[in-house]
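Enquirer: This one is data34.csv, CSV, C-alpha atoms and all ligand atoms.
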chain,number,residue,atom,x,y,z
Y,17,MET,CA,-32.1,-59.1,67.3
Y,18,LYS,CA,-35.5,-57.7,66.5
Y,19,ALA,CA,-37.6,-59.5,63.9
Y,20,VAL,CA,-41.2,-59.8,62.6
Y,21,VAL,CA,-42.5,-63.3,63.2
Y,22,PHE,CA,-45.7,-65.1,62.2
Y,23,ASP,CA,-47.8,-65.7,65.3
Y,24,GLY,CA,-49.5,-68.8,63.8
Y,25,ALA,CA,-53.0,-67.2,63.9
Y,26,GLY,CA,-53.3,-64.6,61.3
Y,27,SER,CA,-51.1,-61.8,62.6
Y,28,VAL,CA,-47.5,-61.0,63.2
Y,29,ARG,CA,-45.5,-59.8,66.2
Y,30,VAL,CA,-42.2,-58.2,66.7
Y,31,THR,CA,-39.9,-60.2,69.0
Y,32,ASP,CA,-36.3,-61.0,69.8
Y,33,VAL,CA,-34.8,-63.9,67.9
Y,34,PRO,CA,-31.1,-65.1,67.7
Y,35,LYS,CA,-29.0,-63.0,65.3
Y,36,PRO,CA,-28.0,-65.2,62.4
Y,37,THR,CA,-24.4,-66.1,61.8
Y,38,ILE,CA,-22.3,-67.3,58.9
Y,39,LEU,CA,-22.9,-71.0,58.6
Y,40,ASP,CA,-21.2,-71.8,55.2
Y,41,SER,CA,-18.2,-70.4,53.5
Y,42,LYS,CA,-20.4,-68.9,50.7
Y,43,ASP,CA,-22.6,-67.0,53.2
Y,44,ALA,CA,-22.9,-63.3,53.8
Y,45,LEU,CA,-24.4,-61.6,56.8
Y,46,VAL,CA,-26.4,-58.6,55.8
Y,47,ARG,CA,-27.6,-55.8,58.1
Y,48,ILE,CA,-31.1,-54.9,56.8
Y,49,THR,CA,-31.7,-51.2,56.4
Y,50,HIS,CA,-35.1,-51.4,54.5
Y,51,SER,CA,-37.7,-54.1,54.0
Y,52,SER,CA,-41.3,-54.0,52.9
Y,53,ILE,CA,-44.5,-55.9,53.2
Y,54,CYS,CA,-45.7,-57.8,50.1
Y,55,GLY,CA,-49.1,-59.2,49.2
Y,56,SER,CA,-47.6,-62.7,49.7
Y,57,ASP,CA,-47.1,-61.8,53.3
Y,58,LEU,CA,-50.9,-61.3,53.6
Y,59,ASN,CA,-51.4,-64.7,51.9
Y,60,ILE,CA,-49.4,-66.2,54.8
Y,61,LEU,CA,-51.6,-64.4,57.4
Y,62,ARG,CA,-54.7,-65.6,55.5
Y,63,GLY,CA,-53.5,-69.2,55.4
Y,64,LYS,CA,-53.1,-69.3,51.7
Y,65,ILE,CA,-49.4,-70.0,52.2
Y,66,VAL,CA,-48.5,-72.3,55.1
Y,67,LEU,CA,-45.9,-71.0,57.5
Y,68,GLU,CA,-44.9,-72.3,60.9
Y,69,GLU,CA,-45.3,-70.2,64.0
Y,70,ASN,CA,-42.4,-67.9,64.9
Y,71,ALA,CA,-40.9,-68.0,61.4
Y,72,VAL,CA,-39.4,-64.7,60.4
Y,73,MET,CA,-41.4,-62.9,57.7
Y,74,GLY,CA,-40.3,-60.8,54.7
Y,75,HIS,CA,-38.7,-61.3,51.4
Y,76,GLU,CA,-38.0,-57.8,50.0
Y,77,GLY,CA,-35.0,-56.1,51.4
Y,78,VAL,CA,-31.9,-53.9,51.0
Y,79,GLY,CA,-29.0,-53.8,53.4
Y,80,ILE,CA,-25.3,-53.6,54.1
Y,81,VAL,CA,-23.0,-56.6,54.1
Y,82,GLU,CA,-21.5,-57.0,57.5
Y,83,GLU,CA,-19.6,-60.2,57.2
Y,84,VAL,CA,-18.7,-62.7,54.4
Y,85,GLY,CA,-17.6,-66.3,54.4
Y,86,PRO,CA,-14.1,-67.3,53.2
Y,87,ALA,CA,-15.4,-68.5,49.8
Y,88,VAL,CA,-17.2,-65.3,48.9
Y,89,THR,CA,-15.3,-63.4,46.3
Y,90,ARG,CA,-17.5,-60.8,44.6
Y,91,THR,CA,-19.4,-59.5,47.6
Y,92,ARG,CA,-17.5,-57.3,50.1
Y,93,VAL,CA,-18.0,-56.2,53.6
Y,94,GLY,CA,-19.7,-52.7,53.5
Y,95,ASP,CA,-21.4,-53.3,50.1
Y,96,LYS,CA,-24.9,-51.9,49.9
Y,97,VAL,CA,-27.0,-54.7,48.4
Y,98,VAL,CA,-30.4,-55.7,47.1
Y,99,ILE,CA,-31.6,-59.0,48.3
Y,100,PRO,CA,-33.7,-61.3,46.0
Y,101,TYR,CA,-36.9,-62.9,47.4
Y,102,SER,CA,-35.7,-66.2,46.1
Y,103,ILE,CA,-32.3,-67.8,46.9
Y,104,GLN,CA,-30.3,-69.5,44.1
Y,105,CYS,CA,-27.1,-71.4,44.2
Y,106,GLY,CA,-26.0,-70.4,40.7
Y,107,GLU,CA,-24.6,-73.9,40.1
Y,108,CYS,CA,-27.4,-76.6,39.9
Y,109,GLU,CA,-28.9,-77.7,36.6
Y,110,ASN,CA,-31.9,-75.4,37.0
Y,111,CYS,CA,-29.8,-72.4,37.8
Y,112,ARG,CA,-27.5,-73.2,34.8
Y,113,LYS,CA,-30.6,-73.4,32.6
Y,114,GLY,CA,-31.7,-69.9,33.8
Y,115,LEU,CA,-34.6,-71.3,35.9
Y,116,VAL,CA,-33.1,-69.8,39.0
Y,117,VAL,CA,-36.4,-69.6,40.8
Y,118,PHE,CA,-36.4,-73.4,40.7
Y,119,CYS,CA,-32.9,-73.7,42.2
Y,120,GLU,CA,-32.4,-77.2,43.6
Y,121,ASN,CA,-30.5,-75.8,46.6
Y,122,GLY,CA,-32.5,-72.6,47.0
Y,123,GLY,CA,-35.8,-71.5,48.4
Y,124,MET,CA,-37.8,-68.4,49.4
Y,125,LEU,CA,-37.0,-65.9,52.1
Y,126,GLY,CA,-39.6,-65.3,54.7
Y,127,HIS,CA,-41.4,-68.5,53.8
Y,128,GLY,CA,-40.1,-70.8,56.6
Y,129,LYS,CA,-39.0,-74.4,56.7
Y,130,GLN,CA,-40.9,-75.5,53.6
Y,131,TRP,CA,-38.9,-73.1,51.4
Y,132,GLY,CA,-35.4,-73.6,52.7
Y,133,ASP,CA,-35.6,-72.1,56.2
Y,134,PHE,CA,-33.6,-69.1,55.2
Y,135,GLY,CA,-35.1,-66.5,57.5
Y,136,GLY,CA,-36.7,-63.3,56.4
Y,137,THR,CA,-35.9,-59.6,55.6
Y,138,GLN,CA,-38.3,-58.1,58.2
Y,139,ALA,CA,-35.5,-58.3,60.8
Y,140,GLU,CA,-32.3,-56.5,61.7
Y,141,TYR,CA,-30.0,-59.1,60.1
Y,142,LEU,CA,-30.2,-61.9,57.6
Y,143,ARG,CA,-27.9,-64.6,56.5
Y,144,ILE,CA,-27.7,-64.9,52.7
Y,145,PRO,CA,-26.4,-68.3,51.3
Y,146,PHE,CA,-24.5,-68.3,48.0
Y,147,ALA,CA,-23.9,-64.6,48.5
Y,148,ASP,CA,-22.2,-64.0,45.2
Y,149,ALA,CA,-25.0,-65.6,43.3
Y,150,ASN,CA,-27.7,-63.7,45.1
Y,151,LEU,CA,-26.7,-60.2,46.2
Y,152,HIS,CA,-26.7,-57.3,43.8
Y,153,GLN,CA,-24.9,-54.1,44.4
Y,154,VAL,CA,-26.9,-50.9,44.8
Y,155,PRO,CA,-25.3,-48.3,42.4
Y,156,GLU,CA,-23.8,-45.2,43.9
Y,157,SER,CA,-26.4,-42.9,42.3
Y,158,ALA,CA,-29.4,-44.9,43.5
Y,159,THR,CA,-31.1,-44.8,46.9
Y,160,GLU,CA,-32.2,-47.9,48.9
Y,161,GLU,CA,-35.8,-46.9,48.4
Y,162,GLN,CA,-35.4,-46.8,44.6
Y,163,VAL,CA,-34.0,-50.3,44.4
Y,164,LEU,CA,-35.9,-52.0,47.2
Y,165,PHE,CA,-38.7,-53.3,44.9
Y,166,VAL,CA,-36.1,-55.1,42.7
Y,167,SER,CA,-36.3,-57.8,45.4
Y,168,ASP,CA,-39.6,-59.0,44.1
Y,169,ILE,CA,-42.5,-56.9,42.7
Y,170,LEU,CA,-40.4,-54.9,40.1
Y,171,CYS,CA,-39.0,-58.2,38.7
Y,172,THR,CA,-42.5,-59.6,38.8
Y,173,GLY,CA,-44.0,-56.7,36.9
Y,174,TYR,CA,-41.2,-56.7,34.3
Y,175,GLN,CA,-41.5,-60.4,33.7
Y,176,ALA,CA,-45.3,-59.9,33.3
Y,177,CYS,CA,-44.5,-57.5,30.4
Y,178,GLU,CA,-41.9,-59.9,29.0
Y,179,TYR,CA,-44.3,-62.9,29.2
Y,180,GLY,CA,-46.9,-60.7,27.5
Y,181,GLY,CA,-44.5,-60.2,24.6
Y,182,ILE,CA,-45.1,-56.5,24.3
Y,183,GLU,CA,-43.9,-55.1,21.0
Y,184,PRO,CA,-43.5,-51.4,20.0
Y,185,GLY,CA,-46.9,-50.0,19.1
Y,186,ASP,CA,-48.9,-52.6,21.1
Y,187,PHE,CA,-52.0,-51.7,23.1
Y,188,VAL,CA,-51.5,-53.0,26.7
Y,189,THR,CA,-54.0,-53.5,29.4
Y,190,VAL,CA,-53.0,-54.2,33.0
Y,191,PHE,CA,-55.7,-55.6,35.2
Y,192,GLY,CA,-55.1,-54.7,38.8
Y,193,ALA,CA,-53.3,-51.6,40.1
Y,194,GLY,CA,-51.9,-53.1,43.3
Y,195,PRO,CA,-48.1,-52.9,43.7
Y,196,VAL,CA,-47.4,-55.7,41.1
Y,197,GLY,CA,-49.9,-54.3,38.6
Y,198,LEU,CA,-48.3,-50.8,39.0
Y,199,CYS,CA,-44.9,-52.2,38.5
Y,200,ALA,CA,-46.2,-53.8,35.3
Y,201,VAL,CA,-47.5,-50.4,34.2
Y,202,ALA,CA,-44.2,-48.7,34.9
Y,203,THR,CA,-42.1,-51.4,33.1
Y,204,ALA,CA,-44.5,-51.8,30.1
Y,205,LYS,CA,-43.4,-48.3,29.0
Y,206,LEU,CA,-39.9,-49.7,28.4
Y,207,PHE,CA,-41.3,-51.9,25.6
Y,208,GLY,CA,-42.7,-49.0,23.6
Y,209,PRO,CA,-46.4,-49.7,23.6
Y,210,ARG,CA,-48.8,-47.1,22.0
Y,211,ARG,CA,-51.1,-47.1,25.0
Y,212,ILE,CA,-51.2,-48.5,28.5
Y,213,VAL,CA,-54.5,-49.0,30.2
Y,214,SER,CA,-54.8,-49.7,33.9
Y,215,VAL,CA,-57.9,-51.3,35.5
Y,216,ASP,CA,-58.7,-51.2,39.2
Y,217,LEU,CA,-61.6,-50.7,41.6
Y,218,ALA,CA,-59.6,-48.3,43.8
Y,219,ASP,CA,-59.4,-44.8,42.4
Y,220,TYR,CA,-56.4,-43.9,44.5
Y,221,ARG,CA,-54.5,-46.7,42.9
Y,222,LEU,CA,-55.5,-45.6,39.4
Y,223,VAL,CA,-54.1,-42.1,40.2
Y,224,THR,CA,-50.7,-43.7,40.9
Y,225,ALA,CA,-51.1,-45.8,37.7
Y,226,GLU,CA,-51.4,-42.5,35.7
Y,227,ARG,CA,-48.4,-41.1,37.5
Y,228,LEU,CA,-46.4,-44.2,36.5
Y,229,GLY,CA,-47.3,-44.1,32.9
Y,230,ALA,CA,-50.9,-45.3,32.3
Y,231,ASP,CA,-52.5,-43.4,29.4
Y,232,ARG,CA,-56.0,-44.3,30.5
Y,233,VAL,CA,-57.4,-45.7,33.7
Y,234,LEU,CA,-60.7,-47.7,34.0
Y,235,ASN,CA,-62.7,-48.4,37.1
Y,236,PRO,CA,-65.0,-51.4,36.6
Y,237,GLU,CA,-67.4,-49.9,39.2
Y,238,ARG,CA,-68.3,-47.2,36.7
Y,239,LEU,CA,-68.1,-48.9,33.3
Y,240,ASN,CA,-68.0,-52.2,31.4
Y,241,VAL,CA,-64.2,-52.7,31.1
Y,242,VAL,CA,-64.3,-55.2,28.2
Y,243,GLU,CA,-66.6,-52.9,26.1
Y,244,GLU,CA,-64.5,-49.9,26.9
Y,245,ILE,CA,-61.3,-51.7,25.8
Y,246,LYS,CA,-63.0,-52.8,22.5
Y,247,LYS,CA,-64.1,-49.2,22.0
Y,248,LEU,CA,-60.6,-47.9,22.5
Y,249,THR,CA,-59.2,-50.4,20.0
Y,250,ASN,CA,-61.7,-50.0,17.1
Y,251,GLY,CA,-63.4,-53.2,18.2
Y,252,LYS,CA,-60.3,-55.4,18.0
Y,253,GLY,CA,-59.3,-55.7,21.6
Y,254,THR,CA,-56.0,-55.3,23.5
Y,255,ASP,CA,-52.8,-56.8,22.1
Y,256,VAL,CA,-51.6,-57.7,25.5
Y,257,ALA,CA,-53.6,-58.3,28.7
Y,258,ILE,CA,-51.7,-58.6,32.0
Y,259,GLU,CA,-53.6,-60.2,34.8
Y,260,ALA,CA,-52.2,-58.9,38.1
Y,261,VAL,CA,-55.1,-59.6,40.4
Y,262,GLY,CA,-55.6,-63.4,40.6
Y,263,SER,CA,-59.4,-63.4,40.4
Y,264,VAL,CA,-61.7,-65.3,38.1
Y,265,GLU,CA,-63.5,-62.1,37.1
Y,266,THR,CA,-60.3,-60.2,36.1
Y,267,PHE,CA,-59.0,-63.3,34.3
Y,268,ASN,CA,-62.3,-63.5,32.3
Y,269,TRP,CA,-62.0,-59.8,31.4
Y,270,SER,CA,-58.4,-60.4,30.2
Y,271,PHE,CA,-59.6,-63.3,28.1
Y,272,GLU,CA,-62.5,-61.4,26.6
Y,273,SER,CA,-60.7,-58.1,26.0
Y,274,VAL,CA,-57.6,-59.6,24.3
Y,275,ARG,CA,-57.6,-59.3,20.5
Y,276,SER,CA,-57.3,-62.3,18.1
Y,277,GLY,CA,-53.7,-63.3,18.0
Y,278,GLY,CA,-53.2,-61.5,21.3
Y,279,ARG,CA,-51.3,-62.5,24.5
Y,280,ILE,CA,-52.4,-62.9,28.1
Y,281,SER,CA,-49.8,-62.8,30.8
Y,282,ILE,CA,-50.7,-64.0,34.2
Y,283,VAL,CA,-49.0,-62.8,37.3
Y,284,GLY,CA,-51.8,-62.6,39.8
Y,285,VAL,CA,-51.8,-65.2,42.5
Y,286,PHE,CA,-55.0,-67.3,42.1
Y,287,PRO,CA,-56.8,-69.2,44.8
Y,288,PHE,CA,-56.5,-73.0,44.8
Y,289,GLU,CA,-59.7,-73.5,42.8
Y,290,LYS,CA,-59.3,-74.1,39.0
Y,291,VAL,CA,-60.3,-71.4,36.6
Y,292,GLY,CA,-62.3,-72.7,33.5
Y,293,ILE,CA,-61.3,-71.4,30.0
Y,294,SER,CA,-62.5,-72.3,26.6
Y,295,LEU,CA,-59.7,-74.0,24.8
Y,296,ARG,CA,-61.9,-73.9,21.7
Y,297,ASP,CA,-61.9,-70.1,21.9
Y,298,MET,CA,-58.3,-70.0,22.6
Y,299,LEU,CA,-57.5,-72.0,19.5
Y,300,ARG,CA,-60.0,-70.2,17.2
Y,301,ARG,CA,-58.6,-66.8,18.3
Y,302,ASN,CA,-54.9,-67.8,18.2
Y,303,LEU,CA,-54.3,-66.7,21.8
Y,304,GLN,CA,-51.1,-67.1,23.7
Y,305,MET,CA,-51.0,-67.4,27.5
Y,306,ARG,CA,-48.1,-67.4,29.9
Y,307,ALA,CA,-47.9,-67.4,33.6
Y,308,GLY,CA,-45.2,-67.3,36.2
Y,309,ARG,CA,-43.7,-65.9,39.4
Y,310,ALA,CA,-40.6,-63.8,38.9
Y,311,ASN,CA,-37.6,-65.8,37.8
Y,312,LEU,CA,-35.2,-63.1,38.8
Y,313,ILE,CA,-32.9,-63.2,35.8
Y,314,HIS,CA,-33.3,-59.5,35.1
Y,315,MET,CA,-32.3,-58.0,38.4
Y,316,GLU,CA,-29.1,-56.4,37.0
Y,317,ARG,CA,-31.0,-55.0,34.0
Y,318,ILE,CA,-33.7,-53.5,36.2
Y,319,ILE,CA,-31.1,-52.0,38.6
Y,320,SER,CA,-29.4,-50.4,35.6
Y,321,LEU,CA,-32.7,-48.9,34.4
Y,322,ILE,CA,-33.2,-47.4,37.8
Y,323,GLU,CA,-29.7,-46.1,37.8
Y,324,GLY,CA,-30.3,-44.6,34.4
Y,325,GLY,CA,-33.4,-42.8,35.5
Y,326,LYS,CA,-35.7,-44.9,33.3
Y,327,LEU,CA,-37.6,-46.5,36.1
Y,328,ASP,CA,-38.8,-45.0,39.4
Y,329,LEU,CA,-41.2,-46.9,41.6
Y,330,THR,CA,-40.8,-44.7,44.7
Y,331,PRO,CA,-44.4,-43.3,44.1
Y,332,LEU,CA,-45.5,-46.7,45.4
Y,333,ILE,CA,-44.1,-45.9,48.9
Y,334,THR,CA,-47.0,-44.6,50.9
Y,335,HIS,CA,-45.8,-45.4,54.4
Y,336,ARG,CA,-42.4,-45.5,56.1
Y,337,MET,CA,-42.6,-47.2,59.5
Y,338,SER,CA,-40.3,-48.7,62.2
Y,339,LEU,CA,-39.8,-52.4,62.3
Y,340,SER,CA,-41.1,-52.2,65.9
Y,341,ASP,CA,-44.5,-51.0,64.5
Y,342,ALA,CA,-44.8,-54.0,62.1
Y,343,ALA,CA,-48.1,-55.3,63.6
Y,344,LYS,CA,-49.7,-51.9,63.0
Y,345,ALA,CA,-48.1,-51.8,59.5
Y,346,TYR,CA,-49.6,-55.2,58.6
Y,347,GLU,CA,-53.0,-54.0,59.8
Y,348,ILE,CA,-52.9,-51.0,57.5
Y,349,PHE,CA,-51.7,-53.1,54.6
Y,350,ALA,CA,-54.2,-55.9,55.1
Y,351,GLY,CA,-57.1,-53.4,55.6
Y,352,ARG,CA,-56.0,-51.3,52.6
Y,353,SER,CA,-56.5,-48.3,54.8
Y,354,GLU,CA,-54.9,-44.9,54.5
Y,355,ASN,CA,-54.7,-45.3,50.7
Y,356,VAL,CA,-51.8,-47.7,51.2
Y,357,LEU,CA,-49.7,-49.1,48.4
Y,358,LYS,CA,-46.3,-50.1,49.9
Y,359,ILE,CA,-45.1,-49.9,53.5
Y,360,ILE,CA,-41.3,-49.7,54.1
Y,361,LEU,CA,-40.1,-51.0,57.4
Y,362,ALA,CA,-36.7,-49.8,58.8
Y,363,PRO,CA,-35.1,-51.3,61.9
Z,401,ZN,ZN,-43.6,-60.7,47.3
Z,402,ZN,ZN,-29.3,-73.6,41.9
Represent the supplied structure as structure tokens.

Expert:
Amino acid sequence: MKAVVFDGAGSVRVTDVPKPTILDSKDALVRITHSSICGSDLNILRGKIVLEENAVMGHEGVGIVEEVGPAVTRTRVGDKVVIPYSIQCGECENCRKGLVVFCENGGMLGHGKQWGDFGGTQAEYLRIPFADANLHQVPESATEEQVLFVSDILCTGYQACEYGGIEPGDFVTVFGAGPVGLCAVATAKLFGPRRIVSVDLADYRLVTAERLGADRVLNPERLNVVEEIKKLTNGKGTDVAIEAVGSVETFNWSFESVRSGGRISIVGVFPFEKVGISLRDMLRRNLQMRAGRANLIHMERIISLIEGGKLDLTPLITHRMSLSDAAKAYEIFAGRSENVLKIILAP
């Protein structure tokens, strides 16, 4: 079958690899109809995440179940399903505690041997272990494109809002209007804030932020973001700051713009270097801070919000390309050219 593999030197290529088969009685074999490229895929290309050569890439995907093992009961052949970026068994201690992203028998799709060697979604087929615990049905009334981002970035954005503890009436600022930041803007609305502010250097991304529900957009190239947020909040600061970039500068802005008693939620992937903060300030200002990659316990909830028309992230889709053109797609995505936000790959 065709698959996108890491070439070991900062780029990808499309090649033929063996089609996966059912290996365990709880497996399902899924024919991928849609996958997408994530910022984490670029981290692999840039060496921030170590991946072996020829490993299949991709952890966001939707597909149709083609075959199931004898112990699979809930998932049926022909089901249209959303695939989570992280595999869970549903039975280990961490899974039972709801910490499914730390499943003792799981791992991450598209991240090679270090993360379970499960293969990736940027391929024609994918074996999904513990199928019943991982695969989520696509509702009749939703399209594949509408649910695709539930795999990762939509759950990540939703969790960023949850970790920010947004309450009705809160002033919310989202730093970064990349795909995850935009998902945070769209999901923040569900918590009933009085205002959502989106901050980014790229105006085309801010346009999409407005379309997805941002009441105000700020470009740090043109103004002092912290001062502007203070101005918009009568000098108090934002109730919730969501950091969706992963840079020292945006982290500092989050810290400086949040009000006393406010909350900082971190979802940006930071470099290896440590970021300094003043714990003295944190204590004196009663700040709360929480960070985390998506724990995937809200997939059903998010799918039902999409089904109910309360959440639509299809404006993120700027490119639809063939899996065969993956190398070109990665080039566009990495270069942030053509006003790219999300690229969908279809076999
Ligand atoms: Zn991702
Ligand atoms: Zn588990």

Enquirer: If you count only C-alpha atoms, which residues fall within 12 Å of Ile182 of chain Y, apart from same-chain ones fewer than 3 positions away, as a PyMOL selection string?

Expert: chain Y and resi 174-179+185-190+200-201+203-212+254-258+278-281

Enquirer: Rank Y:Gly123, Y:Gly173, Y:Pro331, Y:Pro36 by their smallest atom-to-atom distance to ligand ZN 402 (chain Z), using all atoms listed in the file, and report the top residue only.

Expert: Y:Gly123

Enquirer: Quick one: residues within 9 Å of segment 306-321 of chain Y, only C-alpha atoms, excluding same-chain residues fewer than 5 positions away - as JSON, numbers by chain?

Expert: {"Y": [100, 101, 102, 114, 115, 116, 117, 118, 152, 153, 154, 155, 158, 163, 166, 167, 168, 169, 170, 171, 172, 173, 174, 175, 176, 179, 180, 279, 280, 281, 282, 283, 284, 285, 326, 327, 328]}

Enquirer: Between atom CA of Gln138 of chain Y and atom CA of Leu222 of chain Y, what is the distance in Å, rounded to a tenth?

Expert: 28.4 Å

Enquirer: Can you work out which residues are within 10 Å of ligand ZN 402 (chain Z), considering all atoms listed in the file, and then hand them over as an MDAnalysis selection string?

Expert: chainID Y and resid 103:123 146 149

Enquirer: What gap, in Å, lies between atom CA of Met124 of chain Y and atom CA of Val98 of chain Y?

Expert: 14.9 Å

Enquirer: Of the residues Y:Cys199, Y:Ile245, Y:Val30, Y:Ala25, which is the one nearest to Ile60 of chain Y, using all atoms listed in the file?

Expert: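 Using all atoms listed in the file, the shortest distance to Ile60 of chain Y belongs to Y:Ala25.
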